[in-house]
Every structure is written in C-alpha cells, then in structure tokens.
file structure12.txt (compact mmCIF, C-alpha atoms and all ligand atoms)
# COMPACT_ATOMS: atom_id res chain seq x y z
CA ASP A 1 25.58 7.90 -36.77
CA ALA A 2 21.86 8.35 -36.20
CA ILE A 3 21.87 11.79 -37.79
CA ASN A 4 23.86 10.46 -40.73
CA GLU A 5 21.37 7.65 -41.23
CA ILE A 6 18.34 9.89 -40.96
CA MET A 7 19.48 13.12 -42.66
CA VAL A 8 22.13 11.95 -45.14
CA GLN A 9 21.10 8.43 -46.03
CA HIS A 10 17.38 9.36 -45.73
CA ARG A 11 16.52 6.13 -43.94
CA HIS A 12 13.07 7.45 -43.05
CA GLY A 13 12.53 9.15 -46.39
CA SER A 14 10.63 12.42 -46.24
CA ALA A 15 10.01 11.98 -42.50
CA GLY A 16 13.61 12.76 -41.66
CA PRO A 17 14.66 16.29 -42.65
CA THR A 18 14.16 17.74 -39.17
CA ILE A 19 15.44 16.40 -35.88
CA VAL A 20 14.68 17.37 -32.30
CA ILE A 21 17.47 16.98 -29.75
CA GLU A 22 16.26 16.42 -26.21
CA GLU A 23 17.84 16.00 -22.81
CA PHE A 24 18.79 12.37 -22.12
CA LEU A 25 16.87 11.23 -19.09
CA THR A 26 18.31 8.87 -16.53
CA GLY A 27 16.59 7.23 -13.61
CA GLN A 28 14.06 4.46 -13.20
CA GLU A 29 11.17 3.80 -15.51
CA ALA A 30 7.70 3.25 -14.08
CA SER A 31 4.26 2.69 -15.54
CA PHE A 32 1.50 4.95 -14.24
CA ILE A 33 -1.84 3.81 -15.58
CA VAL A 34 -5.18 5.51 -15.00
CA ILE A 35 -8.74 4.94 -16.12
CA THR A 36 -10.60 8.14 -16.90
CA ASP A 37 -14.11 9.22 -17.85
CA GLY A 38 -12.71 12.37 -19.46
CA GLN A 39 -12.85 14.48 -16.30
CA HIS A 40 -12.10 12.25 -13.36
CA PHE A 41 -9.69 9.38 -13.08
CA ILE A 42 -8.64 6.50 -10.88
CA ASP A 43 -4.98 5.55 -10.87
CA PHE A 44 -3.88 1.95 -10.62
CA PRO A 45 -0.95 1.12 -8.34
CA ALA A 46 2.27 2.17 -10.09
CA SER A 47 4.12 -0.75 -11.67
CA GLN A 48 7.44 -1.58 -13.28
CA ASP A 49 8.05 -3.62 -16.40
CA HIS A 50 11.27 -5.62 -17.06
CA LYS A 51 11.92 -5.05 -20.74
CA LYS A 52 15.30 -6.72 -21.29
CA ILE A 53 15.52 -10.45 -21.90
CA PHE A 54 18.21 -11.26 -19.32
CA ASP A 55 18.69 -10.72 -15.60
CA GLY A 56 20.14 -7.42 -14.52
CA ASP A 57 18.42 -5.63 -17.43
CA SER A 58 20.87 -6.99 -19.99
CA GLY A 59 20.43 -8.24 -23.55
CA PRO A 60 17.95 -7.05 -26.16
CA ASN A 61 14.55 -5.52 -25.50
CA THR A 62 11.47 -7.71 -25.45
CA GLY A 63 7.74 -7.15 -25.17
CA GLY A 64 8.27 -7.39 -21.37
CA MET A 65 9.61 -10.26 -19.27
CA GLY A 66 7.84 -9.50 -16.00
CA ALA A 67 6.30 -6.81 -13.85
CA TYR A 68 5.39 -6.00 -10.29
CA ALA A 69 3.16 -3.58 -8.42
CA PRO A 70 3.02 -1.44 -6.39
CA ALA A 71 6.41 -0.05 -7.37
CA PRO A 72 7.92 1.84 -4.41
CA VAL A 73 9.90 4.11 -6.75
CA VAL A 74 6.61 6.00 -7.22
CA THR A 75 6.33 7.44 -3.72
CA SER A 76 3.19 9.31 -2.68
CA GLU A 77 5.06 12.55 -3.44
CA ILE A 78 6.01 11.40 -6.95
CA ARG A 79 2.45 10.13 -7.49
CA LYS A 80 1.13 13.61 -6.64
CA LYS A 81 3.63 15.32 -8.97
CA THR A 82 2.68 12.89 -11.75
CA ILE A 83 -1.00 13.63 -11.28
CA ASP A 84 -0.61 17.41 -10.99
CA ARG A 85 1.97 17.90 -13.75
CA ILE A 86 1.15 15.16 -16.23
CA ILE A 87 -2.22 13.43 -15.86
CA LEU A 88 -4.51 16.35 -14.95
CA PRO A 89 -3.08 18.82 -17.52
CA THR A 90 -3.49 16.15 -20.21
CA LEU A 91 -7.10 15.39 -19.30
CA LYS A 92 -7.98 19.08 -18.94
CA GLY A 93 -6.20 19.97 -22.19
CA MET A 94 -8.01 17.29 -24.17
CA ALA A 95 -11.38 18.21 -22.67
CA SER A 96 -10.82 21.91 -23.42
CA GLU A 97 -10.07 21.03 -27.05
CA GLY A 98 -13.41 19.26 -27.27
CA ARG A 99 -11.87 15.80 -27.32
CA PRO A 100 -12.22 14.39 -23.81
CA TYR A 101 -10.12 11.26 -23.41
CA LEU A 102 -12.03 8.27 -22.15
CA GLY A 103 -10.55 4.93 -21.19
CA PHE A 104 -7.20 3.64 -20.00
CA LEU A 105 -4.26 6.01 -20.23
CA TYR A 106 -0.78 4.65 -19.63
CA ALA A 107 1.92 7.17 -18.76
CA GLY A 108 5.41 5.72 -19.26
CA LEU A 109 7.49 7.66 -16.76
CA MET A 110 11.15 8.20 -16.06
CA ILE A 111 11.70 9.06 -12.40
CA SER A 112 14.89 11.12 -12.22
CA PRO A 113 17.43 10.55 -9.43
CA ALA A 114 16.12 13.81 -7.92
CA GLY A 115 12.62 12.32 -7.72
CA GLU A 116 11.06 14.23 -10.62
CA PRO A 117 8.69 12.34 -12.93
CA PHE A 118 9.12 12.89 -16.68
CA LEU A 119 6.67 11.61 -19.27
CA LEU A 120 8.40 9.43 -21.87
CA GLU A 121 5.30 8.30 -23.73
CA TYR A 122 1.58 7.77 -23.50
CA ASN A 123 -0.13 4.56 -24.53
CA CYS A 124 -3.88 4.56 -25.03
CA ARG A 125 -4.32 1.16 -23.37
CA LEU A 126 -3.30 -0.90 -20.39
CA GLY A 127 0.27 -2.23 -20.39
CA ASP A 128 1.65 -5.68 -20.99
CA PRO A 129 2.86 -7.27 -18.73
CA GLU A 130 1.67 -4.59 -16.25
CA THR A 131 -1.96 -5.68 -16.74
CA GLU A 132 -1.09 -9.13 -15.48
CA VAL A 133 -0.22 -7.65 -12.07
CA LEU A 134 -2.77 -4.83 -11.98
CA LEU A 135 -5.91 -6.86 -12.65
CA PRO A 136 -5.23 -9.32 -9.80
CA LEU A 137 -4.87 -6.31 -7.46
CA LEU A 138 -8.24 -4.92 -8.50
CA ASP A 139 -10.70 -5.62 -5.72
CA CYS A 140 -13.84 -4.80 -7.69
CA ASP A 141 -15.40 -5.97 -10.91
CA LEU A 142 -13.46 -4.74 -13.95
CA VAL A 143 -16.71 -4.40 -15.92
CA ASP A 144 -18.22 -2.15 -13.21
CA LEU A 145 -15.12 0.04 -13.34
CA VAL A 146 -15.19 0.28 -17.15
CA GLU A 147 -18.93 1.04 -17.15
CA ALA A 148 -18.43 3.78 -14.55
CA ALA A 149 -15.83 5.34 -16.86
CA LEU A 150 -18.11 5.06 -19.89
CA ASP A 151 -21.02 6.62 -17.96
CA GLY A 152 -18.93 9.48 -16.51
CA ARG A 153 -19.35 8.16 -12.95
CA LEU A 154 -15.73 7.73 -11.89
CA GLU A 155 -15.90 10.58 -9.38
CA ASP A 156 -18.23 8.53 -7.20
CA PHE A 157 -16.77 5.13 -7.98
CA LYS A 158 -14.97 3.68 -5.03
CA PRO A 159 -11.66 2.41 -6.32
CA ARG A 160 -10.88 -0.88 -4.71
CA PHE A 161 -7.41 -2.24 -4.83
CA LYS A 162 -6.15 -4.99 -2.58
CA GLN A 163 -3.54 -3.81 -0.09
CA LYS A 164 -1.21 -6.47 -1.45
CA SER A 165 1.61 -6.89 -3.95
CA ALA A 166 1.60 -8.73 -7.25
CA VAL A 167 4.46 -10.08 -9.35
CA CYS A 168 4.35 -11.69 -12.77
CA VAL A 169 7.04 -13.61 -14.63
CA VAL A 170 6.95 -14.19 -18.38
CA LEU A 171 7.94 -17.65 -19.64
CA ALA A 172 9.42 -17.36 -23.11
CA SER A 173 10.60 -19.72 -25.85
CA LEU A 174 14.31 -20.37 -26.30
CA GLY A 175 15.76 -17.81 -28.70
CA TYR A 176 13.16 -15.12 -28.01
CA PRO A 177 13.30 -12.17 -28.81
CA GLY A 178 15.20 -13.48 -31.83
CA GLU A 179 14.16 -16.55 -33.81
CA TYR A 180 12.37 -19.09 -31.64
CA ARG A 181 10.77 -22.47 -31.99
CA LYS A 182 7.07 -23.26 -31.75
CA GLY A 183 5.15 -26.45 -31.04
CA ASP A 184 6.91 -27.67 -27.86
CA ARG A 185 4.63 -29.46 -25.42
CA ILE A 186 4.03 -27.51 -22.19
CA PHE A 187 4.11 -29.57 -18.97
CA GLY A 188 2.90 -28.78 -15.47
CA LEU A 189 -0.02 -26.39 -16.00
CA GLU A 190 -2.27 -28.69 -13.97
CA LYS A 191 0.03 -28.24 -10.96
CA ILE A 192 -1.00 -24.60 -10.53
CA ASN A 193 -3.87 -24.68 -8.06
CA ASP A 194 -3.43 -21.66 -5.79
CA PRO A 195 -6.34 -19.18 -6.13
CA SER A 196 -3.91 -16.26 -5.78
CA VAL A 197 -1.82 -17.46 -8.74
CA PHE A 198 -2.92 -16.79 -12.32
CA VAL A 199 -1.53 -18.18 -15.54
CA TYR A 200 -2.13 -16.02 -18.60
CA HIS A 201 -1.80 -17.67 -22.00
CA ALA A 202 -0.03 -15.40 -24.48
CA GLY A 203 1.56 -17.67 -27.11
CA THR A 204 0.02 -21.11 -26.66
CA LYS A 205 -2.08 -23.41 -28.79
CA LYS A 206 -4.24 -26.38 -27.84
CA ASP A 207 -3.01 -29.62 -29.37
CA GLY A 208 -5.43 -32.41 -28.49
CA ASP A 209 -5.66 -32.48 -24.70
CA HIS A 210 -2.52 -30.46 -24.00
CA PHE A 211 -0.99 -27.08 -24.79
CA VAL A 212 2.03 -26.37 -26.98
CA THR A 213 4.12 -23.24 -27.39
CA ASN A 214 2.97 -20.96 -30.18
CA GLY A 215 4.85 -17.69 -29.72
CA GLY A 216 7.87 -15.94 -28.23
CA ARG A 217 6.29 -14.96 -24.95
CA VAL A 218 4.28 -18.04 -24.11
CA LEU A 219 2.85 -17.82 -20.58
CA VAL A 220 2.72 -15.31 -17.75
CA VAL A 221 2.58 -16.52 -14.15
CA SER A 222 1.24 -13.90 -11.76
CA ALA A 223 1.03 -14.16 -7.97
CA VAL A 224 -0.58 -11.98 -5.30
CA ALA A 225 0.62 -11.93 -1.69
CA ASP A 226 0.81 -9.73 1.39
CA SER A 227 4.27 -8.38 0.58
CA LEU A 228 6.39 -8.00 -2.52
CA GLN A 229 8.90 -10.61 -1.33
CA LEU A 230 6.11 -13.12 -0.67
CA ALA A 231 4.65 -12.42 -4.11
CA ILE A 232 8.09 -12.91 -5.73
CA ASP A 233 8.56 -16.21 -3.89
CA LYS A 234 5.09 -17.43 -4.80
CA ALA A 235 5.44 -16.45 -8.46
CA TYR A 236 8.75 -18.32 -8.85
CA GLU A 237 7.54 -21.34 -6.88
CA ASN A 238 4.80 -21.71 -9.50
CA VAL A 239 6.94 -20.79 -12.51
CA LYS A 240 9.15 -23.76 -11.62
CA LYS A 241 6.20 -26.14 -11.91
CA ILE A 242 5.87 -25.37 -15.64
CA SER A 243 8.32 -26.59 -18.24
CA TRP A 244 8.99 -27.19 -21.92
CA GLU A 245 12.17 -27.68 -23.87
CA GLY A 246 14.11 -24.45 -23.84
CA VAL A 247 11.80 -22.43 -21.59
CA GLN A 248 13.48 -19.25 -20.34
CA TRP A 249 12.49 -16.64 -17.77
CA ARG A 250 14.12 -13.83 -15.83
CA LYS A 251 15.05 -14.72 -12.28
CA ASP A 252 15.16 -11.20 -10.89
CA VAL A 253 11.65 -9.83 -11.44
CA GLY A 254 10.76 -7.47 -8.60
CA GLY A 255 14.38 -7.07 -7.50
CA LYS A 256 14.45 -3.44 -8.62
CA ALA A 257 12.16 -2.59 -5.72
CA SER A 258 14.81 -3.43 -3.15
CA SER A 259 17.92 -2.41 -5.07
CA PRO A 260 16.86 0.44 -7.31
CA SER A 261 19.53 1.39 -9.80
CA SER A 262 19.51 4.17 -12.29
CA SER A 263 19.29 3.40 -15.97
CA PRO A 264 22.47 2.06 -17.61
CA PRO A 265 25.12 4.57 -18.67
CA ILE A 266 24.88 6.12 -22.10
CA PRO A 267 26.58 3.68 -24.52
N1 LIG B 1 4.96 -2.64 -20.90
C1 LIG B 1 5.11 -1.82 -22.02
C2 LIG B 1 3.90 -1.61 -22.79
O1 LIG B 1 2.86 -2.17 -22.52
O2 LIG B 1 3.96 -0.83 -23.73

call {"tool": "encode", "arguments": {"input": "structure12.txt", "output": "structure tokens", "more": "lines below"}}
Ligand code: GLY
result
Amino acid sequence: DAINEIMVQHRHGSAGPTIVIEEFLTGQEASFIVITDGQHFIDFPASQDHKKIFDGDSGPNTGGMGAYAPAPVVTSEIRKKTIDRIILPTLKGMASEGRPYLGFLYAGLMISPAGEPFLLEYNCRLGDPETEVLLPLLDCDLVDLVEAALDGRLEDFKPRFKQKSAVCVVLASLGYPGEYRKGDRIFGLEKINDPSVFVYHAGTKKDGDHFVTNGGRVLVVSAVADSLQLAIDKAYENVKKISWEGVQWRKDVGGKASSPSSSPPIP
C-alpha cells in the first residue's frame, strides 16, 4: 500500500520515485543525548520516552506522554557500543568534513533484543519530554555546561549528574492527540511544594490569577528521587494534586524499566 501511494499515486510528488527498503528493527527505543564541543562530549543519562497516548503503549502517537532516566535498557556495555559505533564516528566525521557539530545531539536508538544499539534518527536538540527528566538530574549549572561546550572546554568539564532517578508525566487535554478543548481552569498547582518536584508549563495560559489549558500537552510533572520506583511514586502523588475537566495522563510511565518488552509485532 505504501509503495502504491508513493510510486503510483505520487503522494509525495517528485520526491517519491525511489524507495529504500531497510531491515525492520525490533527492540526497545531509548534516547541517548550528548552535549558536544565538536571534539569532546558529555552524555546525559539514557532516557526513555512514552510516545503513545494510552497505557501499555497503545493508541496513537503523541509528542510524548512521559519519560524517565536513567533507563536501564542502556547498560554500560550498550552505552560503550553507542559511543564507539555511533557518537564518536559522527563527531569525527563531521569534524573531518570541516563542519564540527557543536551543541546537543540526540541519538534516537533502537536496542535490539541481542543488545545491539541501532541509530534510528538524530535530532539536533534536546528531547521532549526527555529534557524534563534530564535537567533535574543535572548537578551543575546548565549555563556553565553550555558555555564549556561553546568554548571547546568539555574535555575538562566535570560532568555532574545526581546519582538519582527522575520520572516525568505529561498531563494532556481530553481528546489529545486528536481534537481537544482549550480554556479549562487548572486546579491544584499551588499544592505542589516539594523542591524535588517540578511542574513545566507546556500548553497553559494565565487567565487573571489562575491558569487555564491552552494546548494538547498542558503540563509536565517531574520528580527526582533515590530510586526509579520512588521517583514514579512521587511523580504520580503530585500529578494527582492537579486537575481540570478531562485531564488525562498515562499511569504506567517508568514501567518499561522493570518489565521491558520488545516493540509491538509488525501490523
Ligand atoms: N521525545 C522525542 C523527541 O523529542 O523528538
């Protein structure tokens, strides 16, 4: 069907006369994000996004319904393979072509059941909602880290990440990722008062002295704790303090860490 659409019905116009057929990869996806000064890099703890709207990775894709880090699927062995086979060759290749890459580089990985990392895509940015768990784990000033990258000083920069776990849960409007309503009053934000819990505003608007929904993904509640389970518990304890009519969130963020499953079967 896809070939028919692309090559016969010319859905993509002149962009479609050639197709590349690749091996279908199964396994678990993980986000491996580094900051680089063009030569050296510091990798953030590996994280996992939850892209589907419903629990158990079901329903349509979204911009991301939650994330956690560190993700145990990226073992120290898989981290080393990722660095040696993917990150370093990319940085060296770009530098040797006279275009050193500087900034955040996000490798979207598929970890095969045999423990081999494959690169699915690169993004030239941090991830969302991965950022919402990675920044709270950073144990140094983000500006210092960015300046060290800009000045080519990452080799000597001491990366500082908390030896903790972070989990974030996205609170979305009813109907998202399809049609959704805006303008519902958000209750309970003032009840969040734990310094290790952060609420990121994604789709909100101030209306007088309160906030109302103004997007599909509305808020992200992120929690840091000594273990993944404690971070999950703390995130959900605080998610439940916030409400508006029709709010929806996934109830299984972080669960992949304890019951890793491979990607769903080919439809
Ligand atoms: N979490 C997916 C992305 O940022 O592209």

call {"tool": "atom_distance", "arguments": {"input": "structure12.txt", "atom1": "atom CA of Val20 of chain A", "atom2": "atom CA of Ala2 of chain A"}}
result
12.2 Å

call {"tool": "closest_atom_pairs", "arguments": {"input": "structure12.txt", "of": "chain A", "to": "ligand LIG 1 (chain B)", "cutoff": "7 Å", "atoms": "all atoms listed in the file", "output": "CSV"}}
result
residue,atom,partner,partner_atom,distance
A:Asp49,CA,B:LIG1,N1,5.5
A:Gly63,CA,B:LIG1,C1,6.7
A:Gly64,CA,B:LIG1,N1,5.8
A:Asn123,CA,B:LIG1,O2,6.8
A:Leu126,CA,B:LIG1,O1,6.6
A:Gly127,CA,B:LIG1,O1,3.4
A:Asp128,CA,B:LIG1,O1,4.0
A:Pro129,CA,B:LIG1,N1,5.5
A:Glu130,CA,B:LIG1,N1,6.0

call {"tool": "residues_around", "arguments": {"input": "structure12.txt", "residues": "Ser165 of chain A", "least_positions_apart": "4", "cutoff": "8 Å", "atoms": "only C-alpha atoms", "output": "count of residues only"}}
result
10

call {"tool": "atom_distance", "arguments": {"input": "structure12.txt", "atom1": "atom CA of Tyr176 of chain A", "atom2": "atom CA of Asn238 of chain A"}}
result
21.4 Å

call {"tool": "atom_distance", "arguments": {"input": "structure12.txt", "atom1": "atom CA of Ser243 of chain A", "atom2": "atom CA of Leu189 of chain A"}}
result
8.6 Å

call {"tool": "residues_around", "arguments": {"input": "structure12.txt", "residues": "segment 95-107 of chain A", "least_positions_apart": "3", "cutoff": "12 Å", "atoms": "all atoms listed in the file", "output": "VMD selection string"}}
result
chain A and resid 29 to 48 79 82 to 83 85 to 92 110 to 111 117 to 128 130 to 131 145 to 154

call {"tool": "write_last_selection", "arguments": {"input": "structure12.txt", "atoms": "C-alpha atoms", "output": "mmCIF file, in the frame of the given file"}}
result
data_model
loop_
_atom_site.group_PDB
_atom_site.id
_atom_site.type_symbol
_atom_site.label_atom_id
_atom_site.label_comp_id
_atom_site.auth_asym_id
_atom_site.auth_seq_id
_atom_site.Cartn_x
_atom_site.Cartn_y
_atom_site.Cartn_z
ATOM 1 C CA GLU A 29 11.170 3.800 -15.510
ATOM 2 C CA ALA A 30 7.700 3.250 -14.080
ATOM 3 C CA SER A 31 4.260 2.690 -15.540
ATOM 4 C CA PHE A 32 1.500 4.950 -14.240
ATOM 5 C CA ILE A 33 -1.840 3.810 -15.580
ATOM 6 C CA VAL A 34 -5.180 5.510 -15.000
ATOM 7 C CA ILE A 35 -8.740 4.940 -16.120
ATOM 8 C CA THR A 36 -10.600 8.140 -16.900
ATOM 9 C CA ASP A 37 -14.110 9.220 -17.850
ATOM 10 C CA GLY A 38 -12.710 12.370 -19.460
ATOM 11 C CA GLN A 39 -12.850 14.480 -16.300
ATOM 12 C CA HIS A 40 -12.100 12.250 -13.360
ATOM 13 C CA PHE A 41 -9.690 9.380 -13.080
ATOM 14 C CA ILE A 42 -8.640 6.500 -10.880
ATOM 15 C CA ASP A 43 -4.980 5.550 -10.870
ATOM 16 C CA PHE A 44 -3.880 1.950 -10.620
ATOM 17 C CA PRO A 45 -0.950 1.120 -8.340
ATOM 18 C CA ALA A 46 2.270 2.170 -10.090
ATOM 19 C CA SER A 47 4.120 -0.750 -11.670
ATOM 20 C CA GLN A 48 7.440 -1.580 -13.280
ATOM 21 C CA ARG A 79 2.450 10.130 -7.490
ATOM 22 C CA THR A 82 2.680 12.890 -11.750
ATOM 23 C CA ILE A 83 -1.000 13.630 -11.280
ATOM 24 C CA ARG A 85 1.970 17.900 -13.750
ATOM 25 C CA ILE A 86 1.150 15.160 -16.230
ATOM 26 C CA ILE A 87 -2.220 13.430 -15.860
ATOM 27 C CA LEU A 88 -4.510 16.350 -14.950
ATOM 28 C CA PRO A 89 -3.080 18.820 -17.520
ATOM 29 C CA THR A 90 -3.490 16.150 -20.210
ATOM 30 C CA LEU A 91 -7.100 15.390 -19.300
ATOM 31 C CA LYS A 92 -7.980 19.080 -18.940
ATOM 32 C CA MET A 110 11.150 8.200 -16.060
ATOM 33 C CA ILE A 111 11.700 9.060 -12.400
ATOM 34 C CA PRO A 117 8.690 12.340 -12.930
ATOM 35 C CA PHE A 118 9.120 12.890 -16.680
ATOM 36 C CA LEU A 119 6.670 11.610 -19.270
ATOM 37 C CA LEU A 120 8.400 9.430 -21.870
ATOM 38 C CA GLU A 121 5.300 8.300 -23.730
ATOM 39 C CA TYR A 122 1.580 7.770 -23.500
ATOM 40 C CA ASN A 123 -0.130 4.560 -24.530
ATOM 41 C CA CYS A 124 -3.880 4.560 -25.030
ATOM 42 C CA ARG A 125 -4.320 1.160 -23.370
ATOM 43 C CA LEU A 126 -3.300 -0.900 -20.390
ATOM 44 C CA GLY A 127 0.270 -2.230 -20.390
ATOM 45 C CA ASP A 128 1.650 -5.680 -20.990
ATOM 46 C CA GLU A 130 1.670 -4.590 -16.250
ATOM 47 C CA THR A 131 -1.960 -5.680 -16.740
ATOM 48 C CA LEU A 145 -15.120 0.040 -13.340
ATOM 49 C CA VAL A 146 -15.190 0.280 -17.150
ATOM 50 C CA GLU A 147 -18.930 1.040 -17.150
ATOM 51 C CA ALA A 148 -18.430 3.780 -14.550
ATOM 52 C CA ALA A 149 -15.830 5.340 -16.860
ATOM 53 C CA LEU A 150 -18.110 5.060 -19.890
ATOM 54 C CA ASP A 151 -21.020 6.620 -17.960
ATOM 55 C CA GLY A 152 -18.930 9.480 -16.510
ATOM 56 C CA ARG A 153 -19.350 8.160 -12.950
ATOM 57 C CA LEU A 154 -15.730 7.730 -11.890
#

call {"tool": "decode", "arguments": {"input": "structure12.txt", "residues": "segment 29-39 of chain A", "atoms": "all heavy atoms", "output": "mmCIF file, in the first residue's frame"}}
result
data_model
loop_
_atom_site.group_PDB
_atom_site.id
_atom_site.type_symbol
_atom_site.label_atom_id
_atom_site.label_comp_id
_atom_site.auth_asym_id
_atom_site.auth_seq_id
_atom_site.Cartn_x
_atom_site.Cartn_y
_atom_site.Cartn_z
ATOM 1 N N GLU A 29 13.164 1.270 22.304
ATOM 2 C CA GLU A 29 13.740 2.555 21.934
ATOM 3 C C GLU A 29 14.334 3.231 23.158
ATOM 4 O O GLU A 29 13.829 3.068 24.274
ATOM 5 C CB GLU A 29 12.680 3.471 21.322
ATOM 6 C CG GLU A 29 12.345 3.087 19.890
ATOM 7 C CD GLU A 29 11.477 4.141 19.205
ATOM 8 O OE1 GLU A 29 11.846 5.341 19.249
ATOM 9 O OE2 GLU A 29 10.440 3.762 18.648
ATOM 10 N N ALA A 30 15.392 3.987 22.952
ATOM 11 C CA ALA A 30 15.990 4.769 24.037
ATOM 12 C C ALA A 30 16.544 6.055 23.451
ATOM 13 O O ALA A 30 16.870 6.121 22.261
ATOM 14 C CB ALA A 30 17.095 3.977 24.726
ATOM 15 N N SER A 31 16.625 7.068 24.290
ATOM 16 C CA SER A 31 17.144 8.367 23.839
ATOM 17 C C SER A 31 18.519 8.566 24.473
ATOM 18 O O SER A 31 18.647 8.514 25.699
ATOM 19 C CB SER A 31 16.206 9.494 24.285
ATOM 20 O OG SER A 31 14.897 9.213 23.853
ATOM 21 N N PHE A 32 19.508 8.781 23.612
ATOM 22 C CA PHE A 32 20.886 8.936 24.082
ATOM 23 C C PHE A 32 21.338 10.327 23.657
ATOM 24 O O PHE A 32 21.581 10.582 22.488
ATOM 25 C CB PHE A 32 21.763 7.845 23.448
ATOM 26 C CG PHE A 32 23.109 7.702 24.078
ATOM 27 C CD1 PHE A 32 23.292 6.879 25.183
ATOM 28 C CD2 PHE A 32 24.204 8.394 23.583
ATOM 29 C CE1 PHE A 32 24.538 6.738 25.783
ATOM 30 C CE2 PHE A 32 25.455 8.270 24.175
ATOM 31 C CZ PHE A 32 25.613 7.435 25.269
ATOM 32 N N ILE A 33 21.395 11.220 24.620
ATOM 33 C CA ILE A 33 21.615 12.636 24.304
ATOM 34 C C ILE A 33 22.979 13.069 24.835
ATOM 35 O O ILE A 33 23.329 12.775 25.986
ATOM 36 C CB ILE A 33 20.483 13.489 24.912
ATOM 37 C CG1 ILE A 33 19.148 13.070 24.281
ATOM 38 C CG2 ILE A 33 20.751 14.985 24.720
ATOM 39 C CD1 ILE A 33 17.917 13.717 24.875
ATOM 40 N N VAL A 34 23.736 13.733 23.979
ATOM 41 C CA VAL A 34 25.055 14.234 24.398
ATOM 42 C C VAL A 34 25.110 15.732 24.151
ATOM 43 O O VAL A 34 24.357 16.271 23.340
ATOM 44 C CB VAL A 34 26.214 13.547 23.624
ATOM 45 C CG1 VAL A 34 26.106 12.033 23.733
ATOM 46 C CG2 VAL A 34 26.257 13.981 22.161
ATOM 47 N N ILE A 35 26.040 16.375 24.862
ATOM 48 C CA ILE A 35 26.398 17.757 24.502
ATOM 49 C C ILE A 35 27.849 17.692 24.044
ATOM 50 O O ILE A 35 28.665 16.988 24.660
ATOM 51 C CB ILE A 35 26.193 18.755 25.661
ATOM 52 C CG1 ILE A 35 26.543 20.180 25.196
ATOM 53 C CG2 ILE A 35 26.957 18.373 26.918
ATOM 54 C CD1 ILE A 35 26.073 21.270 26.157
ATOM 55 N N THR A 36 28.152 18.357 22.936
ATOM 56 C CA THR A 36 29.489 18.249 22.379
ATOM 57 C C THR A 36 30.037 19.624 22.001
ATOM 58 O O THR A 36 29.278 20.530 21.625
ATOM 59 C CB THR A 36 29.497 17.317 21.133
ATOM 60 O OG1 THR A 36 30.780 17.371 20.516
ATOM 61 C CG2 THR A 36 28.453 17.720 20.113
ATOM 62 N N ASP A 37 31.371 19.737 22.105
ATOM 63 C CA ASP A 37 32.031 20.967 21.655
ATOM 64 C C ASP A 37 32.634 20.758 20.265
ATOM 65 O O ASP A 37 33.432 21.559 19.791
ATOM 66 C CB ASP A 37 33.088 21.421 22.666
ATOM 67 C CG ASP A 37 34.177 20.372 22.907
ATOM 68 O OD1 ASP A 37 34.289 19.430 22.097
ATOM 69 O OD2 ASP A 37 34.911 20.498 23.898
ATOM 70 N N GLY A 38 32.282 19.656 19.637
ATOM 71 C CA GLY A 38 32.800 19.368 18.294
ATOM 72 C C GLY A 38 33.825 18.257 18.334
ATOM 73 O O GLY A 38 33.995 17.524 17.359
ATOM 74 N N GLN A 39 34.514 18.127 19.467
ATOM 75 C CA GLN A 39 35.540 17.082 19.602
ATOM 76 C C GLN A 39 35.226 16.152 20.754
ATOM 77 O O GLN A 39 35.332 14.946 20.660
ATOM 78 C CB GLN A 39 36.889 17.741 19.885
ATOM 79 C CG GLN A 39 37.682 18.088 18.653
ATOM 80 C CD GLN A 39 39.116 18.341 19.052
ATOM 81 O OE1 GLN A 39 39.386 19.280 19.806
ATOM 82 N NE2 GLN A 39 40.018 17.515 18.571
#
